[in-house]
Every structure is written in C-alpha cells, then in structure tokens.
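Asks: Sharing final-v5.pdb below, PDB, C-alpha atoms:
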```pdb
MODEL        1
ATOM      1  CA  MET A   1      11.567  13.628  15.054
ATOM      2  CA  GLN A   2      10.798  10.516  17.081
ATOM      3  CA  ILE A   3       9.516   7.526  15.102
ATOM      4  CA  SER A   4       7.892   4.325  16.309
ATOM      5  CA  VAL A   5       7.837   1.371  13.911
ATOM      6  CA  VAL A   6       4.920  -1.073  13.772
ATOM      7  CA  VAL A   7       5.466  -4.516  12.217
ATOM      8  CA  PRO A   8       2.270  -6.566  11.712
ATOM      9  CA  LEU A   9       3.111 -10.277  11.712
ATOM     10  CA  TYR A  10       1.067 -13.206  10.472
ATOM     11  CA  ASN A  11       2.766 -16.436   9.406
ATOM     12  CA  LYS A  12       5.895 -14.751   8.082
ATOM     13  CA  SER A  13       8.462 -16.458  10.314
ATOM     14  CA  LYS A  14      10.672 -17.018   7.273
ATOM     15  CA  TYR A  15      11.037 -13.271   6.712
ATOM     16  CA  VAL A  16      10.353 -11.357   9.934
ATOM     17  CA  VAL A  17      13.929 -11.577  11.254
ATOM     18  CA  ARG A  18      15.144  -9.915   8.055
ATOM     19  CA  ALA A  19      12.557  -7.150   8.484
ATOM     20  CA  ILE A  20      13.491  -6.397  12.093
ATOM     21  CA  GLU A  21      17.211  -6.541  11.359
ATOM     22  CA  SER A  22      16.677  -3.942   8.624
ATOM     23  CA  ILE A  23      15.072  -1.627  11.204
ATOM     24  CA  LEU A  24      17.933  -2.127  13.639
ATOM     25  CA  ALA A  25      20.429  -1.414  10.839
ATOM     26  CA  GLN A  26      19.068   2.088  10.159
ATOM     27  CA  SER A  27      21.675   4.841  10.066
ATOM     28  CA  ASP A  28      19.249   6.882  12.189
ATOM     29  CA  ALA A  29      17.825   4.822  15.047
ATOM     30  CA  VAL A  30      14.078   4.577  15.621
ATOM     31  CA  SER A  31      12.486   5.206  19.019
ATOM     32  CA  GLU A  32      10.823   1.813  19.357
ATOM     33  CA  ILE A  33       9.858  -1.298  17.413
ATOM     34  CA  ILE A  34       6.420  -2.795  18.020
ATOM     35  CA  VAL A  35       5.703  -6.231  16.556
ATOM     36  CA  VAL A  36       2.049  -7.274  16.545
ATOM     37  CA  ASP A  37       1.671 -11.040  16.208
ATOM     38  CA  ASP A  38      -1.758 -11.471  14.650
ATOM     39  CA  GLY A  39      -2.304 -15.082  15.725
ATOM     40  CA  SER A  40       0.574 -16.625  13.757
ATOM     41  CA  THR A  41       0.634 -20.428  13.638
ATOM     42  CA  ASP A  42       4.193 -20.788  12.319
ATOM     43  CA  GLY A  43       6.051 -19.700  15.449
ATOM     44  CA  GLY A  44       6.795 -16.210  14.192
ATOM     45  CA  GLY A  45       5.991 -14.522  17.482
ATOM     46  CA  GLU A  46       8.189 -16.900  19.440
ATOM     47  CA  LEU A  47      11.013 -16.405  16.941
ATOM     48  CA  VAL A  48      10.852 -12.639  17.342
ATOM     49  CA  GLN A  49      10.847 -12.941  21.121
ATOM     50  CA  LYS A  50      13.836 -15.286  21.017
ATOM     51  CA  HIS A  51      16.001 -13.062  18.824
ATOM     52  CA  PHE A  52      14.908  -9.542  19.775
ATOM     53  CA  ALA A  53      13.351  -9.687  23.259
ATOM     54  CA  ASP A  54      15.351  -6.705  24.518
ATOM     55  CA  LYS A  55      14.894  -4.633  21.360
ATOM     56  CA  ILE A  56      11.183  -4.851  20.565
ATOM     57  CA  THR A  57       7.761  -4.735  22.159
ATOM     58  CA  LEU A  58       5.722  -7.809  21.218
ATOM     59  CA  ILE A  59       1.928  -7.683  21.200
ATOM     60  CA  SER A  60       0.081 -10.976  20.693
ATOM     61  CA  GLN A  61      -3.554 -11.145  19.605
ATOM     62  CA  GLN A  62      -5.992 -13.542  17.993
ATOM     63  CA  ASN A  63      -6.019 -13.482  14.207
ATOM     64  CA  CYS A  64      -8.124 -10.447  13.311
ATOM     65  CA  GLY A  65      -6.450  -9.163  10.157
ATOM     66  CA  VAL A  66      -3.685  -6.752   9.274
ATOM     67  CA  SER A  67      -5.721  -3.604   9.941
ATOM     68  CA  LYS A  68      -6.426  -4.556  13.532
ATOM     69  CA  ALA A  69      -2.761  -5.509  13.974
ATOM     70  CA  ARG A  70      -1.597  -2.139  12.654
ATOM     71  CA  ASN A  71      -4.138  -0.321  14.816
ATOM     72  CA  ALA A  72      -2.982  -2.227  17.898
ATOM     73  CA  GLY A  73       0.587  -1.126  17.237
ATOM     74  CA  LEU A  74      -0.555   2.417  16.518
ATOM     75  CA  ALA A  75      -2.345   2.576  19.878
ATOM     76  CA  GLN A  76       0.801   1.356  21.656
ATOM     77  CA  ALA A  77       3.191   3.738  19.864
ATOM     78  CA  LYS A  78       4.732   6.426  22.066
ATOM     79  CA  SER A  79       6.174   8.625  19.310
ATOM     80  CA  ASP A  80       4.468  11.426  17.405
ATOM     81  CA  TYR A  81       5.273   9.672  14.118
ATOM     82  CA  VAL A  82       4.663   6.060  13.162
ATOM     83  CA  ALA A  83       6.227   4.069  10.331
ATOM     84  CA  PHE A  84       5.017   0.657   9.227
ATOM     85  CA  LEU A  85       6.961  -2.288   7.839
ATOM     86  CA  ASP A  86       5.286  -5.487   6.667
ATOM     87  CA  ALA A  87       7.045  -8.557   8.019
ATOM     88  CA  ASP A  88       8.019  -9.812   4.553
ATOM     89  CA  ASP A  89       9.476  -6.501   3.339
ATOM     90  CA  TYR A  90      12.636  -4.704   4.445
ATOM     91  CA  TRP A  91      14.277  -1.297   4.540
ATOM     92  CA  TYR A  92      17.613  -0.132   3.262
ATOM     93  CA  PRO A  93      19.707   1.587   5.989
ATOM     94  CA  GLN A  94      18.823   5.118   4.849
ATOM     95  CA  PHE A  95      15.017   4.858   5.062
ATOM     96  CA  ILE A  96      14.564   6.640   8.402
ATOM     97  CA  SER A  97      17.225   9.206   7.491
ATOM     98  CA  ASN A  98      15.349  10.025   4.284
ATOM     99  CA  ILE A  99      12.086  10.367   6.195
ATOM    100  CA  LYS A 100      13.719  12.816   8.616
ATOM    101  CA  GLN A 101      15.134  14.804   5.698
ATOM    102  CA  LEU A 102      11.616  15.125   4.326
ATOM    103  CA  LYS A 103      10.326  16.343   7.686
ATOM    104  CA  VAL A 104      12.948  19.111   7.715
ATOM    105  CA  ALA A 105      12.288  20.106   4.101
ATOM    106  CA  PHE A 106       8.489  19.908   4.332
ATOM    107  CA  PRO A 107       7.542  20.556   7.964
ATOM    108  CA  ASP A 108       3.850  21.083   7.205
ATOM    109  CA  ALA A 109       3.408  17.638   5.639
ATOM    110  CA  GLY A 110       1.760  14.970   7.758
ATOM    111  CA  MET A 111       2.726  11.969   5.651
ATOM    112  CA  PHE A 112       6.163  11.030   4.335
ATOM    113  CA  CYS A 113       7.206   8.250   1.969
ATOM    114  CA  THR A 114      10.163   7.086  -0.087
ATOM    115  CA  ALA A 115      10.648   5.253  -3.338
ATOM    116  CA  TYR A 116      10.594   1.464  -3.200
ATOM    117  CA  GLU A 117      11.407  -1.434  -5.485
ATOM    118  CA  PHE A 118       9.963  -4.899  -6.002
ATOM    119  CA  PHE A 119      11.751  -8.177  -5.455
ATOM    120  CA  LYS A 120      10.323 -10.686  -7.908
ATOM    121  CA  ASP A 121      11.676 -13.439 -10.138
ATOM    122  CA  ASP A 122      14.905 -13.322  -8.076
ATOM    123  CA  ALA A 123      15.594  -9.750  -9.149
ATOM    124  CA  LEU A 124      15.033  -6.205  -7.912
ATOM    125  CA  VAL A 125      12.711  -4.193 -10.154
ATOM    126  CA  LYS A 126      12.241  -0.429  -9.938
ATOM    127  CA  ILE A 127       8.696   0.883  -9.841
ATOM    128  CA  LYS A 128       7.239   2.769 -12.789
ATOM    129  CA  ASN A 129       5.535   6.032 -11.911
ATOM    130  CA  PRO A 130       6.561   9.117 -13.902
ATOM    131  CA  TYR A 131       4.192  11.306 -11.886
ATOM    132  CA  LEU A 132       6.338  11.213  -8.730
ATOM    133  CA  PRO A 133       8.823  14.012  -7.869
ATOM    134  CA  VAL A 134      12.488  13.673  -8.773
ATOM    135  CA  GLY A 135      14.712  14.147  -5.733
ATOM    136  CA  SER A 136      12.298  15.155  -3.010
ATOM    137  CA  GLY A 137       9.041  17.035  -3.179
ATOM    138  CA  ILE A 138       5.320  17.098  -2.513
ATOM    139  CA  ILE A 139       2.976  14.714  -4.323
ATOM    140  CA  TYR A 140       0.504  17.449  -5.227
ATOM    141  CA  ASP A 141      -2.132  15.097  -6.629
ATOM    142  CA  TYR A 142      -1.916  11.733  -4.896
ATOM    143  CA  PHE A 143      -4.843  10.262  -6.824
ATOM    144  CA  ALA A 144      -3.300  11.189 -10.177
ATOM    145  CA  ALA A 145      -0.103   9.452  -9.058
ATOM    146  CA  CYS A 146      -2.175   6.344  -8.274
ATOM    147  CA  CYS A 147      -3.432   6.282 -11.866
ATOM    148  CA  ASN A 148       0.047   5.307 -13.075
ATOM    149  CA  VAL A 149       1.514   1.810 -13.377
ATOM    150  CA  ASP A 150       2.765   1.361  -9.787
ATOM    151  CA  LEU A 151       1.312   2.918  -6.656
ATOM    152  CA  PRO A 152       3.238   5.818  -5.081
ATOM    153  CA  VAL A 153       2.909   4.541  -1.504
ATOM    154  CA  THR A 154       3.019   1.117   0.147
ATOM    155  CA  ALA A 155       2.464   0.112   3.761
ATOM    156  CA  SER A 156       6.230  -0.382   4.124
ATOM    157  CA  SER A 157       7.372   2.918   2.613
ATOM    158  CA  VAL A 158       5.424   5.401   4.718
ATOM    159  CA  CYS A 159       5.712   7.366   7.964
ATOM    160  CA  ILE A 160       2.686   9.281   9.285
ATOM    161  CA  ASN A 161       1.888  11.772  12.009
ATOM    162  CA  LYS A 162       0.167   9.621  14.641
ATOM    163  CA  ALA A 163      -2.516  12.149  15.557
ATOM    164  CA  LEU A 164      -3.360  12.664  11.885
ATOM    165  CA  LEU A 165      -3.655   8.927  11.278
ATOM    166  CA  LEU A 166      -5.936   8.571  14.283
ATOM    167  CA  SER A 167      -8.062  11.461  12.989
ATOM    168  CA  VAL A 168      -9.052   9.399   9.935
ATOM    169  CA  GLY A 169      -9.848   6.390  12.110
ATOM    170  CA  GLY A 170      -6.641   4.437  11.592
ATOM    171  CA  PHE A 171      -6.894   1.396   9.338
ATOM    172  CA  PRO A 172     -10.426   0.167   8.477
ATOM    173  CA  GLU A 173     -10.846  -3.189  10.211
ATOM    174  CA  ALA A 174     -14.007  -4.163   8.327
ATOM    175  CA  ILE A 175     -12.235  -4.714   5.000
ATOM    176  CA  GLN A 176      -9.563  -7.273   4.145
ATOM    177  CA  ILE A 177      -8.139  -5.877   0.921
ATOM    178  CA  GLY A 178      -7.270  -2.328  -0.082
ATOM    179  CA  GLU A 179      -7.333  -1.184   3.550
ATOM    180  CA  ASP A 180      -4.044   0.675   3.224
ATOM    181  CA  GLN A 181      -5.140   2.413   0.014
ATOM    182  CA  ALA A 182      -8.252   3.640   1.801
ATOM    183  CA  VAL A 183      -6.076   5.224   4.497
ATOM    184  CA  TRP A 184      -3.615   6.869   2.099
ATOM    185  CA  GLY A 185      -6.544   8.329   0.156
ATOM    186  CA  ALA A 186      -8.175   9.740   3.281
ATOM    187  CA  LEU A 187      -4.864  11.254   4.381
ATOM    188  CA  ALA A 188      -4.224  12.745   0.941
ATOM    189  CA  CYS A 189      -7.438  14.735   1.383
ATOM    190  CA  LYS A 190      -6.182  16.190   4.678
ATOM    191  CA  THR A 191      -2.437  16.769   4.376
ATOM    192  CA  ASP A 192       0.516  17.190   2.046
ATOM    193  CA  ILE A 193       2.418  14.006   1.197
ATOM    194  CA  ALA A 194       6.201  14.445   0.980
ATOM    195  CA  TYR A 195       8.141  12.019  -1.210
ATOM    196  CA  HIS A 196      11.837  11.096  -1.418
ATOM    197  CA  SER A 197      12.926   9.460  -4.678
ATOM    198  CA  ASP A 198      15.833   7.531  -3.136
ATOM    199  CA  ILE A 199      14.888   3.835  -3.183
ATOM    200  CA  SER A 200      14.788   2.894   0.496
ATOM    201  CA  VAL A 201      12.376  -0.062   0.678
ATOM    202  CA  VAL A 202      12.100  -3.524  -0.857
ATOM    203  CA  TYR A 203       8.598  -4.886  -1.421
ATOM    204  CA  ASP A 204       9.054  -8.666  -1.580
ATOM    205  CA  LEU A 205       6.469 -10.061  -3.993
ATOM    206  CA  LEU A 206       7.889 -13.575  -3.721
ATOM    207  CA  ALA A 207       6.953 -13.677  -0.038
ATOM    208  CA  SER A 208       3.326 -12.786  -0.747
ATOM    209  CA  ASP A 209       0.571 -15.331  -1.222
ATOM    210  CA  SER A 210       0.088 -14.364  -4.848
ATOM    211  CA  THR A 211      -2.562 -17.008  -5.587
ATOM    212  CA  ARG A 212      -4.800 -15.885  -2.724
ATOM    213  CA  HIS A 213      -4.244 -12.235  -3.541
ATOM    214  CA  PHE A 214      -5.173 -12.779  -7.187
ATOM    215  CA  GLN A 215      -8.408 -14.514  -6.187
ATOM    216  CA  GLN A 216      -9.233 -11.479  -4.044
ATOM    217  CA  ARG A 217      -8.600  -9.181  -7.005
ATOM    218  CA  LEU A 218     -11.400 -10.853  -8.956
ATOM    219  CA  LEU A 219     -13.790  -8.988  -6.645
ATOM    220  CA  LEU A 220     -14.064  -5.222  -6.579
ATOM    221  CA  SER A 221     -11.993  -3.993  -3.644
ATOM    222  CA  PRO A 222     -14.127  -2.380  -0.910
ATOM    223  CA  HIS A 223     -11.715   0.542  -0.711
ATOM    224  CA  VAL A 224     -13.292   1.763  -3.961
ATOM    225  CA  ASP A 225     -16.533   2.430  -2.061
ATOM    226  CA  LEU A 226     -14.552   4.372   0.539
ATOM    227  CA  PHE A 227     -13.042   6.460  -2.255
ATOM    228  CA  CYS A 228     -16.564   7.141  -3.515
ATOM    229  CA  CYS A 229     -17.476   8.375  -0.038
ATOM    230  CA  LEU A 230     -14.561  10.810  -0.158
ATOM    231  CA  LEU A 231     -15.960  12.131  -3.417
ATOM    232  CA  THR A 232     -19.638  12.382  -2.472
ATOM    233  CA  SER A 233     -19.070  13.707   1.048
ATOM    234  CA  ASP A 234     -16.888  16.555  -0.217
ATOM    235  CA  ALA A 235     -14.018  15.289   1.938
ATOM    236  CA  ALA A 236     -11.851  15.476  -1.178
ATOM    237  CA  PRO A 237     -10.551  18.990  -1.958
ATOM    238  CA  SER A 238     -11.824  20.400  -5.240
ATOM    239  CA  HIS A 239      -8.431  20.131  -6.967
ATOM    240  CA  LEU A 240      -8.335  16.363  -6.288
ATOM    241  CA  LYS A 241     -11.870  15.442  -7.353
ATOM    242  CA  GLU A 242     -11.204  14.912 -11.054
ATOM    243  CA  SER A 243      -8.254  12.586 -10.458
ATOM    244  CA  LEU A 244     -10.135  10.745  -7.688
ATOM    245  CA  GLN A 245     -13.024  10.112 -10.082
ATOM    246  CA  LYS A 246     -10.555   8.789 -12.653
ATOM    247  CA  LEU A 247      -8.886   6.546 -10.060
ATOM    248  CA  ILE A 248     -12.242   5.068  -9.030
ATOM    249  CA  HIS A 249     -12.934   4.278 -12.680
ATOM    250  CA  LEU A 250      -9.501   2.729 -13.212
ATOM    251  CA  SER A 251      -9.866   0.652 -10.031
ATOM    252  CA  VAL A 252     -13.026  -0.922 -11.445
ATOM    253  CA  MET A 253     -11.287  -1.403 -14.785
ATOM    254  CA  SER A 254      -8.418  -3.172 -12.986
ATOM    255  CA  CYS A 255     -10.911  -5.619 -11.502
ATOM    256  CA  ILE A 256     -12.377  -6.159 -14.962
ATOM    257  CA  LYS A 257      -8.877  -6.806 -16.324
ATOM    258  CA  ASN A 258      -8.215  -9.426 -13.631
ATOM    259  CA  ASN A 259     -11.465 -11.188 -14.455
ATOM    260  CA  LEU A 260     -10.665 -11.185 -18.167
ATOM    261  CA  ILE A 261      -7.211 -12.648 -17.513
ATOM    262  CA  ALA A 262      -8.764 -15.325 -15.274
ATOM    263  CA  GLY A 263     -11.324 -16.226 -17.938
ATOM    264  CA  GLU A 264     -14.248 -14.901 -15.879
ATOM    265  CA  ARG A 265     -15.978 -13.289 -18.853
ATOM    266  CA  LEU A 266     -19.462 -13.071 -17.341
ATOM    267  CA  GLN A 267     -18.179 -11.229 -14.275
ATOM    268  CA  ALA A 268     -16.135  -8.892 -16.477
ATOM    269  CA  PHE A 269     -19.131  -8.248 -18.738
ATOM    270  CA  ASP A 270     -21.415  -7.552 -15.778
ATOM    271  CA  LEU A 271     -18.992  -4.971 -14.386
ATOM    272  CA  LEU A 272     -18.525  -3.348 -17.789
ATOM    273  CA  VAL A 273     -22.259  -2.979 -18.344
ATOM    274  CA  ASN A 274     -23.683  -2.366 -14.895
ATOM    275  CA  ASN A 275     -21.097  -0.713 -12.653
ATOM    276  CA  ASP A 276     -22.106   2.918 -12.160
ATOM    277  CA  LYS A 277     -18.596   3.971 -11.147
ATOM    278  CA  LEU A 278     -17.323   3.598 -14.710
ATOM    279  CA  ILE A 279     -16.955   6.334 -17.274
ATOM    280  CA  TRP A 280     -16.627   5.835 -21.014
ATOM    281  CA  ASP A 281     -13.010   5.911 -22.151
ATOM    282  CA  LYS A 282     -10.637   3.896 -24.327
ATOM    283  CA  TYR A 283      -9.983   1.331 -21.578
ATOM    284  CA  ARG A 284     -13.659   0.460 -21.271
ATOM    285  CA  VAL A 285     -14.100   0.211 -25.035
ATOM    286  CA  ILE A 286     -11.015  -2.016 -25.366
ATOM    287  CA  ALA A 287     -12.276  -4.274 -22.559
ATOM    288  CA  PHE A 288     -15.498  -4.923 -24.478
ATOM    289  CA  GLY A 289     -13.403  -5.976 -27.461
ATOM    290  CA  LEU A 290     -11.264  -8.291 -25.326
ATOM    291  CA  LEU A 291     -14.342 -10.258 -24.260
ATOM    292  CA  ILE A 292     -14.235 -12.191 -27.536
ATOM    293  CA  LEU A 293     -10.520 -13.075 -27.392
ATOM    294  CA  PRO A 294      -9.079 -16.319 -25.971
ATOM    295  CA  LYS A 295      -7.732 -16.178 -22.422
ATOM    296  CA  TRP A 296      -4.066 -16.555 -23.415
ATOM    297  CA  LEU A 297      -4.272 -13.663 -25.855
ATOM    298  CA  ILE A 298      -5.915 -11.410 -23.259
ATOM    299  CA  ALA A 299      -3.063 -12.079 -20.821
ATOM    300  CA  ARG A 300      -0.512 -11.343 -23.530
ATOM    301  CA  PHE A 301      -2.267  -8.102 -24.451
ATOM    302  CA  TYR A 302      -2.259  -6.795 -20.887
ATOM    303  CA  GLY A 303       1.371  -7.813 -20.395
ATOM    304  CA  TYR A 304       2.317  -5.914 -23.532
ATOM    305  CA  ALA A 305       0.236  -2.891 -22.523
ATOM    306  CA  ARG A 306       1.897  -2.695 -19.089
ATOM    307  CA  ASN A 307       5.383  -2.668 -20.593
ATOM    308  CA  PHE A 308       4.534   0.304 -22.790
ATOM    309  CA  ARG A 309       2.565   2.483 -20.391
TER     310      ARG A 309
ENDMDL
END
```
Show me, as structure tokens, the structure contained in the file I just sent.
Replies:
Amino acid sequence: MQISVVVPLYNKSKYVVRAIESILAQSDAVSEIIVVDDGSTDGGGELVQKHFADKITLISQQNCGVSKARNAGLAQAKSDYVAFLDADDYWYPQFISNIKQLKVAFPDAGMFCTAYEFFKDDALVKIKNPYLPVGSGIIYDYFAACCNVDLPVTASSVCINKALLLSVGGFPEAIQIGEDQAVWGALACKTDIAYHSDISVVYDLLASDSTRHFQQRLLLSPHVDLFCCLLTSDAAPSHLKESLQKLIHLSVMSCIKNNLIAGERLQAFDLLVNNDKLIWDKYRVIAFGLLILPKWLIARFYGYARNFR
C-alpha cells in the first residue's frame, strides 16, 4: 500500500514543522509528502523549503482556500492512496502502520481512519463517540456516528483511495466551511469506512482560529445542503437514509445552539420556526424554551448537556 500525504498550509508557520516531522517519524514510511502553500503570508512555505527541501514536494498557489489546496495536492499525488494532515495537527508514529493494518483487514474498504484526540487547554482530551468500533472494524452507519458528541473522522485522521476520492469530485471548492464533512458523507454513500481505535492523531484546537470559526458557525454550514442532495438524489443507500435525515436535523440544531450561546436570539428563532430541514424532537422543543433564558445560563446548560451525553 503506497500512500501520499498532502499537507495544506496557510499561515501555520508556527506548527507546520511539527506536522512534517510527525510524518517523517512514522514507523512505516510514506511514499511522498506534498505541501501545498495556499498563499501564506507568514513565511510558512519558505520555512518548509528551508527545512525539508529534499524530503517534500512544495506547491505554491494564490490563496484560494483549503479545498483547492487539498485538490492541488491530490492531483499531484502519485500513490493510489492519499492521506491528509492539516499543518497545525500531527500524527503519532503508528498512524500509517494502523492505516495499513486496516487495509489488510478490510481490503474492500475505500476509506480508512483512526481515532484521534484533541489538544486544548494545554491537555490532551480523548474524543467521545460510543458508536465507533472497539479495536478495528467497519463504521457501518457513518451518519449515525456523526450524530454523537465528536465526529468520527477529521481531515487529519483519514486515508482514502485516490480514484474513489476523485470520483466524488474531490473537495468542494465553492464552500469554505464543512467541506471535509461533505466529502466524508459522499464517500460513506459509496464505500465501507474502516476504523482503528488506536489514537494516532492529535487535533490541535489551540492552533485554530477559534473566534473566526465560531463566527462561521453562526451561519448554517453549506455542507448541510450537500447532505440534503445525497438524500433527495437517492445517492444515499436505503440503510443510511434515516440516520442522514437525523444528522441534517442535528446540524441545523447545532447552528441554532451556537446562535443561542452567542445571544443571537432572532436568528435562532428564525431557524427554529422556518427551517424545513428540522423535525420535531426534544432538542427542538428545548431550544424554544432556551430562547427566554439569559445568555450565560444558556451557555451553562449546553456545557452541562455535553458532559452528560
């Protein structure tokens, strides 16, 4: 199994060396490392070239977004399988080895991923998702797994058959948030997803622009519309449709939650009343009740609810 690694880079010079060093430290070597500098203004591309000129392929482009950067690396990749690593995340040495174990155990799968953990508040925090297999196994209902607290797949914990990824159009360049979730959903409708429960990836939340990302989450992510297309076009297999419908609903409810926490009551109310993707369940009823509570109490409620899910 030959694996190319694509690292999209935009203004992460503080972290990208750590990311690339984690690839080079793999117990099983990768075939190639492709870094796509998406118009960085902090010298990240130059830093990569200085430290790793003989170990990586560097592609430089104008700032066009992470999807175009990933697609540029995907087009350049020579291997049949492509893994992705965001420049502010890093792998433990066994990541590639675990991916190859999955390929041997589940040869018909087209997508492979491992467990990951968050780095936040100066500590490593394990994800919460009781739906995922213990040991290694197939995620039989990807959308049901997405309905849990933490997502089963991130852009740094996945390795995909290149031809399969190209068959769904790669990463959608027209959207700026939720682009990876759109791809994982499309792939889940076409192939088995094999999962290894050994924590092999660190998702660094401290390195993310959390303020900007939260502002984006006040708007309904465009990947929800792409999920709706999977449902209405019959691209989703029949056994996944119920959980996909639930995930679409919960994605809208997540946006409503973010607006309530931010004090944007009118936006939350409008979504609760008028969004046709919602179904009636306890979460929607509770959200109506939260509209009358003060902002600080809403935030406390959701923090408490997350801890006990």
Asks: Using only C-alpha atoms, which of the listed residues (A:Val134, A:Val5, A:Leu47, A:Ala109) sits closest to A:Thr191?
Replies: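 Result for the nearest residue to A:Thr191: A:Ala109.
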Asks: Could you expand the PyMOL selection byres ((chain A and resi 64) around 12) into the explicit residues it covers here, written as a PDB file with C-alpha atoms, keeping the file's coordinate frame?
Replies:
```pdb
ATOM      1  CA  PRO A   8       2.270  -6.566  11.712  1.00  0.00           C
ATOM      2  CA  LEU A   9       3.111 -10.277  11.712  1.00  0.00           C
ATOM      3  CA  TYR A  10       1.067 -13.206  10.472  1.00  0.00           C
ATOM      4  CA  VAL A  36       2.049  -7.274  16.545  1.00  0.00           C
ATOM      5  CA  ASP A  37       1.671 -11.040  16.208  1.00  0.00           C
ATOM      6  CA  ASP A  38      -1.758 -11.471  14.650  1.00  0.00           C
ATOM      7  CA  GLY A  39      -2.304 -15.082  15.725  1.00  0.00           C
ATOM      8  CA  SER A  40       0.574 -16.625  13.757  1.00  0.00           C
ATOM      9  CA  SER A  60       0.081 -10.976  20.693  1.00  0.00           C
ATOM     10  CA  GLN A  61      -3.554 -11.145  19.605  1.00  0.00           C
ATOM     11  CA  GLN A  62      -5.992 -13.542  17.993  1.00  0.00           C
ATOM     12  CA  ASN A  63      -6.019 -13.482  14.207  1.00  0.00           C
ATOM     13  CA  GLY A  65      -6.450  -9.163  10.157  1.00  0.00           C
ATOM     14  CA  VAL A  66      -3.685  -6.752   9.274  1.00  0.00           C
ATOM     15  CA  SER A  67      -5.721  -3.604   9.941  1.00  0.00           C
ATOM     16  CA  LYS A  68      -6.426  -4.556  13.532  1.00  0.00           C
ATOM     17  CA  ALA A  69      -2.761  -5.509  13.974  1.00  0.00           C
ATOM     18  CA  ARG A  70      -1.597  -2.139  12.654  1.00  0.00           C
ATOM     19  CA  ASN A  71      -4.138  -0.321  14.816  1.00  0.00           C
ATOM     20  CA  ALA A  72      -2.982  -2.227  17.898  1.00  0.00           C
ATOM     21  CA  PRO A 172     -10.426   0.167   8.477  1.00  0.00           C
ATOM     22  CA  GLU A 173     -10.846  -3.189  10.211  1.00  0.00           C
ATOM     23  CA  ALA A 174     -14.007  -4.163   8.327  1.00  0.00           C
ATOM     24  CA  ILE A 175     -12.235  -4.714   5.000  1.00  0.00           C
ATOM     25  CA  GLN A 176      -9.563  -7.273   4.145  1.00  0.00           C
TER      26      GLN A 176
END
```
Asks: When the PyMOL selection byres ((chain A and resi 290) around 12) is applied to the structure above, which residues does it catch, written out as a count of residues only?
Replies: 30
Asks: Using all atoms listed in the file, which residue out of A:Ile99, A:Ile3, A:Val16, A:Val149 lies closest to A:Ile33?
Replies: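 Looking at the shortest contact to A:Ile33, the residue is A:Ile3.
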Asks: Which neighbours of A:Ser22 fall inside 10 Å, counting all atoms listed in the file, when residues of the same chain fewer than 5 positions from it are skipped, and could you give them as a ChimeraX atom specification?
Replies: /A:16-17,85,89-93,95,201
Asks: Check what the PyMOL selection byres ((chain A and resi 115) around 9) selects in the file above and give those residues as a ChimeraX atom specification.
Replies: /A:113-114,116-117,126-127,152-153,157,195-201
Asks: Please indicate the distance in Å from atom CA of A:Gln181 to atom CA of A:Val224, rounded to one decimal place.
Replies: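 Computing the Euclidean distance for atom CA of A:Gln181 and atom CA of A:Val224 yields 9.1 Å.
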Asks: Could you check which of A:Asp28, A:Asp281, A:Asp204, A:Asp150 is closest to A:Asn129, using all atoms listed in the file?
Replies: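 Among the listed residues, the smallest separation from A:Asn129 belongs to A:Asp150.
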Asks: State, in Å with one decimal place, the distance from atom CA of A:Ala235 to atom CA of A:Ala75.
Replies: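 Going from atom CA of A:Ala235 over to atom CA of A:Ala75, I get 24.9 Å.
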